[in-house]
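Engineer: Have a look at this one before I ask anything.
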Amino acid sequence: MKAVVVLFPGSNREGDAVRALEMATGKKPQIVWHAETELPAGTDLVLLPGGFSYGDYLRCGAIAGRAAIMDAVRAHAARGGLVLGICNGFQILCEGGLLPGVLMRNKDLRFICKMQHLRVERADTDFTRAYTKNQIIKVAIAHGEGNYEADDETIKRLEGDGRVAFRYCDAQGVVGGLANPNGSTNDIAGIYSDKLNVLGMMPHPENLIDPLVGGIDGAGLFKSLVAA
Amino acid sequence: MVQVFSKASLQPEQARNIAPRARCGLLPEGHHLSQSIEITPQLVAEHGLKPDEYERILKLIGRAPSITELGIFSAMWNEHCSYKSSRLHLRKLPTKAPWVIQGPGENAGVIDIGDGQACVFKMESHNHPSFIEPYQGAATGVGGILRDVFTMGARPIACLNLLRFGSPDHPKTRHLVSGVVAGIGGYGNSFGVPTVGGSVNFHTRYDGNILVNAMAVGLAKTDEIFYAKATGVGRPIVYLGSKTGRDGIHGATMASASFEADAEEKRPTVQVGDPFSEKLLLEACLEIMAKGCVIAIQDMGAAGLTSSAVEMGAKGGLGIELDLDKVPCREEGMSAYEMMLSESQERMLMVLDPAKEKEAEAIFVKWGLDFAVIGKTTDTKRFVIKHKGKIEADLPIMELGDEAPLYDRPHVPTPKKPVIEGASVKPPKSNADALVHLIGTPDLCSKRWVWEQYDHLILGNSVQQPGGDAGVVRIGDGPKGLAMTTDVSQRYCEADPVEGGKQAVAEAWRNLTATGALPLALTDNLNFGNPEKPEYMGQLVGCLEGIGDAARALDFPIVSGNVSLYNETQGRGILPTPSIGGVGVIADVTQSASVAFKKAGQQIILIGETQGWLGQSVYLRDVCGREEGAPPPVDLVAERRNGDFVRALITARRVDAVHDLSDGGLAVALAEMAMAGKIGAKITCDLGAQPHATLFGEDQARYLLSASADEASKILADAKAKGVPAAVIGTTGGDALELPGEKPVVIATLDRAHEGWLPAYMAGQA
């Protein structure tokens, strides 16, 4: 597994992503600067980390979605390569045309950082094989714009094609109501591309890899990727 | 009363209306000072300078200053930059210890935490800007303190804050809480540093003057600390970061004046923050530092370009010459005066190693940052400002700082308050009901609504999150960690500044100790009223005496700080609030303790002596409606003995939950431990003749611990041998907290009371 982490100006969780990938793969992933036009040869996984790319003063991820490196990321995805966008990375994937929909401001208009339960919707993708279907995991969220919205047609297609990766839920796995922290349509916390090789998610599995710091429920995602 | 320089008086139109009657004095030969504006007594007053201070300027430079020079003096000699009212008393504070690398006087304090690592930290206020424009005021407060830390070569690893708002009933309070919290989050979250702790209180004495104190903690190598001191003559001075605009002109002067009813009109003096630029600045600065490009570096904080340039020159014993035509400006037609006093954010000044200039430039370009060579170091020890072919200022650089006024302001001690006996305080109908009430009051309720808006998890090292005694952050992959806290009990300081000052330091020390950390050093943020009033000056002097006593007794030196005076509205000062930010080291974070009960059937041990001190307690205030009496005395010998005992138990893994006792006393601490662990407790000890005093008294130097029955008896024996008061008071277990002779309170009820108030209040429902 050769992983790379793309660094945009304003990214700030790249170190957390590097740490999670290093723990899973045994080697430090290469950092790729946003102004590059090519990915390193032999790249298997591209990770777009969390943060506030370009300050997110425009729509979140809008400028980063058009950065030079993104053509290479799009080409990599088109070839079937793995792409994981976390938080700002998810917003960049939506803005960059790799995933449908948009991340709007949280329903209560406040940034929210807390531990959040998720339901793993399917455990047969390269990102989730280390989990079981419907497993409830506890990870962190930290975002102001995580409210996933798309037109009805798109939501129907995502649901129909099994492209919802994770849903917000409570500790018992019940979705909806107060278990949804940001107002996302259908409690969506993450979605796949049509070929299931691109995953965008708002929560931070990379911050849940250590029993001393909150738990290890995020480690499964990185273990899955290593086995992919 | 001092007035802030109004925007109107900066307009060129007005300048032209004043007849140019330049009064040339003793300028060095060949120099022609630009003097287009006559310096009138009114202009001097508008710059916050007193007539005798102006006389001092005339004597110092031997002629009338230019308008730019007057602005420079006003920036350097205001309270915020010169500490003219507090310097005399600050000198008495203990600032040294074998582990202190840098004490007060630099951008931040630096302590040695072993293994070649240094911890760099400081706390600073942004009170007045945050009242006027809460989001930007608080945001730029965070930005400023982060810059202070990374200017010294440290990568910030955590932020904390201490916030004081007016009464919840005041019509502005909700708006201020909302804006300040969003601003702190908005800056820190984007910059990418976890906010791991803080303190939020409400009191009507902050109605017109809230407090926003931000603290940042960073990590550096002990042999790679960077300072402001410039060396070498003829070296280029480089400006890096955001362009200079007209924002924040006279911010430091505003910070040194009282508020009248016209606070809103001061909005133009508040800066606007750009955390994105600051993040780029951080990465660029750390990169050029790592490459060895930097000789001297200073951020542009209060008083912007003026203060940073003077600092660099004065510390290095050099002159500085700046050519303002080279300064990157955001707006056209800025005058020298405006450029020298702008407090535009996210800017740095540095002296680079000439051999590595190209290397540094490539890094600035990579991060997309504006930079320019705007001047050079000289051997004249003069501060020379050139703009459009004219000399706008030519001042002796050393004297700008050294010759700042120093005042021994008259001060009167606060009269002692009577000691209130527990027996004279009415007991509640039910102690259990009083407890439920207290944990839902504005000061003691959960601040989750606040800290969930701060990213407290980024960087993946937050071993203990907000809500406990102190934030605990692992360093890299561990096992070492740092504990950090902010605290002060302003009602104690108001009642007795000396005891209150002691208590603030003791409580910060106790917060750190309760996690298992060895407290190493503190930063203080002294928020007081008008020092020209002897009673407020007396509060400052008294608190500093107490802080000094406690810091000496606990080996807890002051390594950095900030003074914020003139915190008053319409003649009434705030409660004296000397915020203490403490940092301690934990050798192995897996050995740190937290407040949550861990399992049922454990013995609960109370460490320290309980007399039932109700004077100035939250019980007396929030249940009985009385803000009265002497605050609890602080026995520093007992503090140290009890704290050292508890820390040794944590390090030896002999206890599983630890909490220090503070506001609300024993009962509130028990409730907090039960709620955090979702495990109840049954208290079985004798509460004595005045159970409410025992339960809610705020006697100092106390901790609660939980341990197995076997371990508990050994702990009691060890305590006895060491002269530490200790007693088993009950057992953990069940889903309720049961106080002697009271109905059990289920944890769900405690939670509802504790978590309910703030969200309801902010939603306009409380």
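Residue names in the structure tokens use chain letters A, B, ... in the order shown, residue numbers from 1 in each chain, and ligand numbers from 1 in the order shown.
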Could you produce a table of the residues of chain B lying within 9 Å of chain A, with the nearest pair of atoms per residue and their separation in Å rounded to one decimal, using only C-alpha atoms, ordered by chain and increasing residue number, as a tab-separated table?

Structural biologist:
```
residue	atom	partner	partner_atom	distance
B:Ala182	CA	A:Arg110	CA	7.6
B:Gly185	CA	A:Phe111	CA	7.6
B:Gly186	CA	A:Phe111	CA	8.2
B:Asn189	CA	A:Gly51	CA	8.3
B:Ser190	CA	A:Phe52	CA	5.7
B:Phe191	CA	A:Asn12	CA	7.1
B:Gly192	CA	A:Asn12	CA	5.2
B:Val193	CA	A:Asn12	CA	8.4
B:Asp274	CA	A:Gly55	CA	8.0
B:Pro275	CA	A:Gly55	CA	7.2
B:Phe276	CA	A:Gly55	CA	4.7
B:Ser277	CA	A:Gly55	CA	7.9
B:Lys279	CA	A:Gly10	CA	6.5
B:Leu280	CA	A:Pro9	CA	6.9
B:Trp367	CA	A:Pro9	CA	7.3
B:Gly368	CA	A:Pro9	CA	8.9
B:Trp451	CA	A:Cys113	CA	8.0
B:Glu452	CA	A:Cys113	CA	4.9
B:Gln453	CA	A:Ile112	CA	4.9
B:Tyr454	CA	A:Cys113	CA	6.4
B:Asp455	CA	A:Cys113	CA	5.3
B:His456	CA	A:Cys113	CA	7.0
B:Leu457	CA	A:Asn207	CA	7.2
B:Ile458	CA	A:Arg13	CA	6.7
B:Leu459	CA	A:Asp16	CA	5.7
B:Gly460	CA	A:Asn207	CA	5.3
B:Asn461	CA	A:Val213	CA	6.4
B:Ser462	CA	A:Val213	CA	6.1
B:Val463	CA	A:Val213	CA	5.0
B:Gln464	CA	A:Val213	CA	7.9
B:Val589	CA	A:Leu212	CA	8.6
B:Thr590	CA	A:Leu212	CA	7.3
```

Engineer: Go ahead and write the residues just picked, N, CA, C and O atoms, as a compact mmCIF listing (two decimals), in the first residue's frame.

Structural biologist:
```
# COMPACT_ATOMS: atom_id res chain seq x y z
N ALA B 182 -17.51 31.81 19.35
CA ALA B 182 -17.36 31.54 17.91
C ALA B 182 -16.02 32.08 17.40
O ALA B 182 -15.37 31.44 16.57
N GLY B 185 -13.14 29.81 18.60
CA GLY B 185 -13.19 28.59 17.79
C GLY B 185 -12.78 28.88 16.35
O GLY B 185 -11.96 28.17 15.78
N GLY B 186 -13.33 29.95 15.80
CA GLY B 186 -13.07 30.26 14.40
C GLY B 186 -11.59 30.40 14.10
O GLY B 186 -11.10 29.95 13.08
N ASN B 189 -9.60 26.75 15.46
CA ASN B 189 -9.96 25.58 14.67
C ASN B 189 -9.31 25.62 13.30
O ASN B 189 -8.84 24.61 12.79
N SER B 190 -9.31 26.81 12.71
CA SER B 190 -8.74 26.95 11.37
C SER B 190 -7.22 26.88 11.42
O SER B 190 -6.59 26.24 10.58
N PHE B 191 -6.64 27.50 12.43
CA PHE B 191 -5.19 27.46 12.58
C PHE B 191 -4.71 26.03 12.82
O PHE B 191 -3.65 25.63 12.38
N GLY B 192 -5.55 25.26 13.53
CA GLY B 192 -5.24 23.85 13.69
C GLY B 192 -4.55 23.49 14.98
O GLY B 192 -3.60 22.70 15.01
N VAL B 193 -5.02 24.07 16.08
CA VAL B 193 -4.44 23.74 17.38
C VAL B 193 -5.61 23.42 18.31
O VAL B 193 -6.64 24.08 18.26
N ASP B 274 -7.19 36.68 10.40
CA ASP B 274 -7.13 35.80 9.23
C ASP B 274 -6.30 34.57 9.61
O ASP B 274 -5.09 34.53 9.41
N PRO B 275 -6.96 33.57 10.17
CA PRO B 275 -6.22 32.40 10.66
C PRO B 275 -5.49 31.65 9.55
O PRO B 275 -4.47 31.01 9.81
N PHE B 276 -6.00 31.76 8.34
CA PHE B 276 -5.34 31.10 7.21
C PHE B 276 -3.95 31.68 7.00
O PHE B 276 -2.96 30.95 6.90
N SER B 277 -3.86 33.01 6.98
CA SER B 277 -2.55 33.66 6.83
C SER B 277 -1.63 33.28 7.98
O SER B 277 -0.43 33.09 7.82
N LYS B 279 -1.66 30.55 9.73
CA LYS B 279 -1.20 29.16 9.55
C LYS B 279 -0.03 29.13 8.56
O LYS B 279 0.96 28.43 8.78
N LEU B 280 -0.15 29.88 7.47
CA LEU B 280 0.94 29.94 6.49
C LEU B 280 2.19 30.57 7.12
O LEU B 280 3.31 30.10 6.91
N TRP B 367 4.97 29.49 0.35
CA TRP B 367 3.77 29.63 1.18
C TRP B 367 2.91 30.81 0.76
O TRP B 367 1.91 31.13 1.41
N GLY B 368 3.30 31.46 -0.33
CA GLY B 368 2.48 32.54 -0.87
C GLY B 368 2.38 33.74 0.03
O GLY B 368 1.34 34.40 0.07
N TRP B 451 -17.13 24.45 24.84
CA TRP B 451 -15.94 23.76 24.33
C TRP B 451 -16.23 22.80 23.19
O TRP B 451 -15.30 22.39 22.48
N GLU B 452 -17.49 22.50 22.94
CA GLU B 452 -17.77 21.71 21.74
C GLU B 452 -17.65 22.56 20.47
O GLU B 452 -17.64 22.03 19.37
N GLN B 453 -17.55 23.88 20.65
CA GLN B 453 -17.31 24.72 19.47
C GLN B 453 -15.82 24.90 19.21
O GLN B 453 -15.42 25.56 18.25
N TYR B 454 -15.00 24.36 20.10
CA TYR B 454 -13.55 24.40 19.90
C TYR B 454 -13.09 23.00 19.47
O TYR B 454 -13.47 22.00 20.09
N ASP B 455 -12.27 22.95 18.45
CA ASP B 455 -11.69 21.66 18.08
C ASP B 455 -10.69 21.28 19.18
O ASP B 455 -9.63 21.89 19.29
N HIS B 456 -11.09 20.33 20.03
CA HIS B 456 -10.19 19.96 21.13
C HIS B 456 -9.49 18.63 20.85
O HIS B 456 -8.80 18.09 21.72
N LEU B 457 -9.70 18.07 19.65
CA LEU B 457 -9.17 16.74 19.36
C LEU B 457 -8.09 16.74 18.30
O LEU B 457 -7.35 15.76 18.16
N ILE B 458 -7.97 17.82 17.53
CA ILE B 458 -6.98 17.87 16.45
C ILE B 458 -5.57 17.63 17.02
O ILE B 458 -5.31 17.98 18.17
N LEU B 459 -4.73 17.05 16.22
CA LEU B 459 -3.35 16.65 16.54
C LEU B 459 -3.31 15.31 17.26
O LEU B 459 -2.26 14.70 17.40
N GLY B 460 -4.48 14.83 17.69
CA GLY B 460 -4.56 13.46 18.21
C GLY B 460 -3.79 13.19 19.48
O GLY B 460 -3.39 12.06 19.75
N ASN B 461 -3.58 14.22 20.30
CA ASN B 461 -2.81 14.03 21.53
C ASN B 461 -3.56 14.45 22.79
O ASN B 461 -2.98 14.51 23.86
N SER B 462 -4.85 14.76 22.65
CA SER B 462 -5.62 15.25 23.79
C SER B 462 -6.02 14.09 24.69
O SER B 462 -7.08 13.48 24.51
N VAL B 463 -5.17 13.79 25.66
CA VAL B 463 -5.43 12.67 26.56
C VAL B 463 -6.59 13.01 27.50
O VAL B 463 -7.42 12.17 27.80
N GLN B 464 -6.62 14.25 27.96
CA GLN B 464 -7.78 14.70 28.73
C GLN B 464 -8.34 15.94 28.09
O GLN B 464 -7.63 16.90 27.82
N VAL B 589 2.13 9.84 30.37
CA VAL B 589 0.71 10.21 30.37
C VAL B 589 -0.21 9.04 30.68
O VAL B 589 -1.36 9.24 31.05
N THR B 590 0.28 7.82 30.52
CA THR B 590 -0.59 6.70 30.87
C THR B 590 -0.79 6.64 32.39
O THR B 590 -1.67 5.94 32.88
```

Engineer: As a list in words, please: all residues of segment 83-200 of chain A that backbone DSSP puts in helix (DSSP H, G or I).

Structural biologist: Asn88, Gly89, Phe90, Gln91, Ile92, Leu93, Cys94, Glu95, Asp152, Glu153, Thr154, Ile155, Lys156, Arg157, Leu158, Glu159, Gly160, Gly177, Leu178, Ala179, Thr185, Asn186 and Asp187 of chain A

Engineer: Per DSSP on the backbone, filter segment 412-486 of chain B down to the residues in strand (DSSP E or B) and report them as a ChimeraX atom specification.

Structural biologist: /B:462-464,471-474,481-486

Engineer: Limited to N, CA, C and O atoms, could you put the picked residues into a file as a compact mmCIF listing (two decimals), in the first residue's frame?

Structural biologist:
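Here's the written file result10.txt:
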```txt
# COMPACT_ATOMS: atom_id res chain seq x y z
N SER B 462 -4.85 14.76 22.65
CA SER B 462 -5.62 15.25 23.79
C SER B 462 -6.02 14.09 24.69
O SER B 462 -7.08 13.48 24.51
N VAL B 463 -5.17 13.79 25.66
CA VAL B 463 -5.43 12.67 26.56
C VAL B 463 -6.59 13.01 27.50
O VAL B 463 -7.42 12.17 27.80
N GLN B 464 -6.62 14.25 27.96
CA GLN B 464 -7.78 14.70 28.73
C GLN B 464 -8.34 15.94 28.09
O GLN B 464 -7.63 16.90 27.82
N GLY B 471 -6.31 20.30 31.15
CA GLY B 471 -6.11 19.62 29.88
C GLY B 471 -4.80 18.83 29.96
O GLY B 471 -3.84 19.29 30.57
N VAL B 472 -4.78 17.63 29.40
CA VAL B 472 -3.55 16.84 29.35
C VAL B 472 -3.26 16.52 27.89
O VAL B 472 -4.11 15.94 27.20
N VAL B 473 -2.09 16.92 27.44
CA VAL B 473 -1.72 16.75 26.04
C VAL B 473 -0.44 15.92 25.97
O VAL B 473 0.56 16.27 26.60
N ARG B 474 -0.50 14.84 25.23
CA ARG B 474 0.69 14.02 25.03
C ARG B 474 1.65 14.75 24.11
O ARG B 474 1.23 15.44 23.19
N GLY B 481 3.97 14.02 28.74
CA GLY B 481 2.86 14.90 28.41
C GLY B 481 2.90 16.17 29.23
O GLY B 481 3.70 16.30 30.16
N LEU B 482 2.05 17.12 28.85
CA LEU B 482 1.93 18.36 29.59
C LEU B 482 0.49 18.50 30.09
O LEU B 482 -0.44 18.17 29.38
N ALA B 483 0.36 18.99 31.32
CA ALA B 483 -0.96 19.35 31.83
C ALA B 483 -1.02 20.87 31.84
O ALA B 483 0.00 21.53 32.07
N MET B 484 -2.20 21.42 31.58
CA MET B 484 -2.32 22.88 31.52
C MET B 484 -3.70 23.32 31.98
O MET B 484 -4.68 22.60 31.78
N THR B 485 -3.75 24.47 32.59
CA THR B 485 -5.01 24.93 33.15
C THR B 485 -5.05 26.46 33.21
O THR B 485 -4.00 27.11 33.17
N THR B 486 -6.25 27.01 33.28
CA THR B 486 -6.41 28.45 33.57
C THR B 486 -7.40 28.58 34.71
O THR B 486 -8.39 27.84 34.76
```

Engineer: Can you pull out every residue within 12 Å of Arg91 of chain B, counting only C-alpha atoms, but drop anything in the same chain fewer than 3 positions away, and send it as a ChimeraX atom specification?

Structural biologist: /B:83-88,94-96,103-105,541,544-545,548,558

Engineer: Residues of the last selection are to be written out with all heavy atoms, as a compact mmCIF listing (two decimals), in the first residue's frame.

Structural biologist:
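Just written: again20.txt:
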```txt
# COMPACT_ATOMS: atom_id res chain seq x y z
N TYR B 83 3.85 48.92 30.90
CA TYR B 83 3.62 48.43 32.27
C TYR B 83 3.97 49.51 33.30
O TYR B 83 4.51 49.24 34.35
CB TYR B 83 4.46 47.17 32.56
CG TYR B 83 4.16 46.00 31.65
CD1 TYR B 83 4.87 45.78 30.49
CD2 TYR B 83 3.14 45.09 31.99
CE1 TYR B 83 4.58 44.71 29.65
CE2 TYR B 83 2.86 44.02 31.15
CZ TYR B 83 3.59 43.84 29.99
OH TYR B 83 3.30 42.78 29.18
N LYS B 84 3.64 50.79 32.96
CA LYS B 84 4.14 51.86 33.81
C LYS B 84 3.54 51.87 35.22
O LYS B 84 4.16 52.35 36.14
CB LYS B 84 3.96 53.23 33.11
CG LYS B 84 2.54 53.60 32.76
CD LYS B 84 2.54 54.84 31.85
CE LYS B 84 1.16 55.09 31.27
NZ LYS B 84 1.18 56.07 30.20
N SER B 85 2.32 51.33 35.37
CA SER B 85 1.73 51.31 36.71
C SER B 85 2.08 50.02 37.46
O SER B 85 1.99 49.96 38.68
CB SER B 85 0.21 51.39 36.62
OG SER B 85 -0.18 52.56 35.96
N SER B 86 2.41 48.98 36.73
CA SER B 86 2.56 47.67 37.38
C SER B 86 4.02 47.23 37.52
O SER B 86 4.33 46.38 38.36
CB SER B 86 1.80 46.61 36.57
OG SER B 86 2.26 46.59 35.23
N ARG B 87 4.92 47.83 36.69
CA ARG B 87 6.32 47.37 36.63
C ARG B 87 6.97 47.26 38.01
O ARG B 87 7.61 46.28 38.35
CB ARG B 87 7.12 48.35 35.78
CG ARG B 87 7.93 47.70 34.68
CD ARG B 87 8.14 48.65 33.52
NE ARG B 87 9.09 49.72 33.83
CZ ARG B 87 8.96 50.96 33.35
NH1 ARG B 87 7.92 51.28 32.60
NH2 ARG B 87 9.85 51.88 33.63
N LEU B 88 6.74 48.31 38.80
CA LEU B 88 7.35 48.37 40.13
C LEU B 88 6.99 47.15 40.98
O LEU B 88 7.80 46.62 41.73
CB LEU B 88 6.84 49.65 40.81
CG LEU B 88 7.56 50.17 42.01
CD1 LEU B 88 8.97 50.61 41.62
CD2 LEU B 88 6.80 51.40 42.57
N PRO B 94 8.52 36.09 41.81
CA PRO B 94 9.59 35.12 41.54
C PRO B 94 9.51 34.65 40.09
O PRO B 94 8.44 34.25 39.62
CB PRO B 94 9.27 33.97 42.50
CG PRO B 94 7.80 34.06 42.74
CD PRO B 94 7.44 35.53 42.64
N THR B 95 10.60 34.74 39.37
CA THR B 95 10.58 34.40 37.94
C THR B 95 11.66 33.38 37.58
O THR B 95 11.82 33.04 36.42
CB THR B 95 10.81 35.66 37.08
OG1 THR B 95 12.08 36.22 37.44
CG2 THR B 95 9.73 36.70 37.30
N LYS B 96 12.38 32.93 38.58
CA LYS B 96 13.52 32.06 38.27
C LYS B 96 13.36 30.67 38.89
O LYS B 96 12.76 30.52 39.96
CB LYS B 96 14.81 32.69 38.77
CG LYS B 96 15.20 33.92 38.00
CD LYS B 96 16.62 34.36 38.36
CE LYS B 96 17.11 35.46 37.45
NZ LYS B 96 16.40 36.73 37.68
N GLY B 103 12.35 33.92 31.31
CA GLY B 103 11.26 34.49 32.12
C GLY B 103 10.58 35.63 31.39
O GLY B 103 10.73 35.78 30.18
N PRO B 104 9.85 36.47 32.12
CA PRO B 104 9.11 37.57 31.50
C PRO B 104 10.04 38.52 30.74
O PRO B 104 11.21 38.67 31.11
CB PRO B 104 8.48 38.29 32.69
CG PRO B 104 8.44 37.28 33.78
CD PRO B 104 9.63 36.41 33.58
N GLY B 105 9.52 39.17 29.69
CA GLY B 105 10.31 40.13 28.95
C GLY B 105 10.47 39.75 27.49
O GLY B 105 10.84 40.56 26.67
N VAL B 541 -1.84 45.52 43.77
CA VAL B 541 -0.67 45.31 44.63
C VAL B 541 -0.90 44.11 45.55
O VAL B 541 -0.02 43.26 45.73
CB VAL B 541 -0.38 46.60 45.44
CG1 VAL B 541 0.71 46.36 46.48
CG2 VAL B 541 0.02 47.73 44.51
N LEU B 544 -0.78 40.78 43.62
CA LEU B 544 0.59 40.43 43.24
C LEU B 544 1.37 39.90 44.45
O LEU B 544 2.18 38.99 44.32
CB LEU B 544 1.30 41.64 42.63
CG LEU B 544 0.92 41.91 41.17
CD1 LEU B 544 1.51 43.23 40.69
CD2 LEU B 544 1.39 40.76 40.28
N GLU B 545 1.09 40.47 45.62
CA GLU B 545 1.75 39.96 46.82
C GLU B 545 1.37 38.49 47.07
O GLU B 545 2.23 37.64 47.32
CB GLU B 545 1.35 40.82 48.03
CG GLU B 545 2.07 40.44 49.31
CD GLU B 545 1.49 41.16 50.54
OE1 GLU B 545 1.01 42.32 50.39
OE2 GLU B 545 1.51 40.56 51.63
N GLY B 548 2.88 36.21 44.39
CA GLY B 548 4.31 36.02 44.65
C GLY B 548 4.53 35.03 45.79
O GLY B 548 5.37 34.12 45.67
N ILE B 558 6.73 32.59 37.80
CA ILE B 558 6.01 33.29 36.73
C ILE B 558 6.99 33.50 35.57
O ILE B 558 8.02 34.14 35.74
CB ILE B 558 5.50 34.66 37.24
CG1 ILE B 558 4.39 34.47 38.28
CG2 ILE B 558 4.94 35.50 36.09
CD1 ILE B 558 4.85 34.48 39.69
```

Engineer: So how many Å separate atom CA of Ile67 of chain B and atom CA of Ser307 of chain B, to one decimal?

Structural biologist: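 Separating atom CA of Ile67 of chain B from atom CA of Ser307 of chain B is a distance of 16.6 Å.
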
Engineer: Can you list, as a ChimeraX atom specification, every protein, DNA or RNA residue that comes within 8 Å of Ile111 of chain B when you count only C-alpha atoms, leaving out same-chain residues fewer than 4 positions away?

Structural biologist: /B:99-102,118-120,520-521

Engineer: May I ask which of the residues B:Thr515, B:Gln503, B:Ser242, B:Asn562 is the closest one to Phe121 of chain B, counting only C-alpha atoms?

Structural biologist: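 Closest candidate: B:Asn562.
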
Engineer: For segment 154-156 of chain A, please output as a short mmCIF file (atom, residue, chain, number, x, y, z; two decimals) with all heavy atoms, in the first residue's frame all residues within 9 Å (counting only C-alpha atoms; exclusion window: fewer than 6 positions along the same chain).

Structural biologist:
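Saved result, out_12.cif, follows:
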```
data_model
loop_
_atom_site.label_atom_id
_atom_site.label_comp_id
_atom_site.auth_asym_id
_atom_site.auth_seq_id
_atom_site.Cartn_x
_atom_site.Cartn_y
_atom_site.Cartn_z
N PRO A 100 -20.80 13.53 -5.60
CA PRO A 100 -21.94 14.44 -5.78
C PRO A 100 -22.33 15.13 -4.48
O PRO A 100 -21.94 14.69 -3.40
CB PRO A 100 -23.06 13.49 -6.22
CG PRO A 100 -22.72 12.20 -5.54
CD PRO A 100 -21.21 12.12 -5.48
N GLY A 101 -23.08 16.20 -4.59
CA GLY A 101 -23.64 16.86 -3.41
C GLY A 101 -22.74 17.94 -2.87
O GLY A 101 -21.71 18.30 -3.46
N THR A 185 -28.81 15.22 5.28
CA THR A 185 -29.88 14.43 4.67
C THR A 185 -29.66 12.94 4.96
O THR A 185 -28.55 12.43 4.80
CB THR A 185 -29.88 14.65 3.14
OG1 THR A 185 -29.95 16.05 2.90
CG2 THR A 185 -31.06 13.94 2.49
N ASN A 186 -30.70 12.28 5.39
CA ASN A 186 -30.65 10.83 5.68
C ASN A 186 -29.51 10.45 6.63
O ASN A 186 -28.99 9.35 6.57
CB ASN A 186 -30.53 10.01 4.38
CG ASN A 186 -31.78 10.08 3.53
OD1 ASN A 186 -32.72 10.81 3.85
ND2 ASN A 186 -31.81 9.32 2.45
#
```

Engineer: Atom CA of Leu47 of chain A and atom CA of Ala150 of chain A are how many Å apart?

Structural biologist: 23.3 Å

Engineer: Which residues are close to Ala68 of chain A, i.e. within 10 Å by only C-alpha atoms, leaving aside same-chain residues fewer than 3 positions away? Reply as a ChimeraX atom specification.

Structural biologist: /A:33-38,64-65,71-73

Engineer: Measuring between only C-alpha atoms, which one of B:Ala303, B:Val563, B:Met673, B:Ala432 shows the shortest distance to Gly248 of chain B?

Structural biologist: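 The closest residue to Gly248 of chain B is B:Ala303.
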
Engineer: Which polymer residues have any atom within 8 Å of an atom of Met398 of chain B, counting only C-alpha atoms, with same-chain residues fewer than 5 positions away left out, as a list in words?

Structural biologist: Val310, Gly313, Ala314, Gly317, Lys381, Arg382 and Glu403 of chain B

Engineer: Kindly export the residues of the current selection with C-alpha atoms, as a short mmCIF file (atom, residue, chain, number, x, y, z; two decimals), in the first residue's frame.

Structural biologist:
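Result written to again-v2.cif:
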```cif
data_model
loop_
_atom_site.label_atom_id
_atom_site.label_comp_id
_atom_site.auth_asym_id
_atom_site.auth_seq_id
_atom_site.Cartn_x
_atom_site.Cartn_y
_atom_site.Cartn_z
CA VAL B 310 11.98 49.13 18.69
CA GLY B 313 16.86 47.34 18.05
CA ALA B 314 16.75 48.07 21.77
CA GLY B 317 21.73 47.73 21.32
CA LYS B 381 20.93 53.45 18.39
CA ARG B 382 18.30 55.65 16.77
CA GLU B 403 12.71 55.84 29.74
#
```

Engineer: Enter the distance from atom CA of Ile586 of chain B to atom CA of Lys480 of chain B, in Å, rounded to one decimal.

Structural biologist: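 Straight-line distance from atom CA of Ile586 of chain B to atom CA of Lys480 of chain B works out to 5.8 Å.
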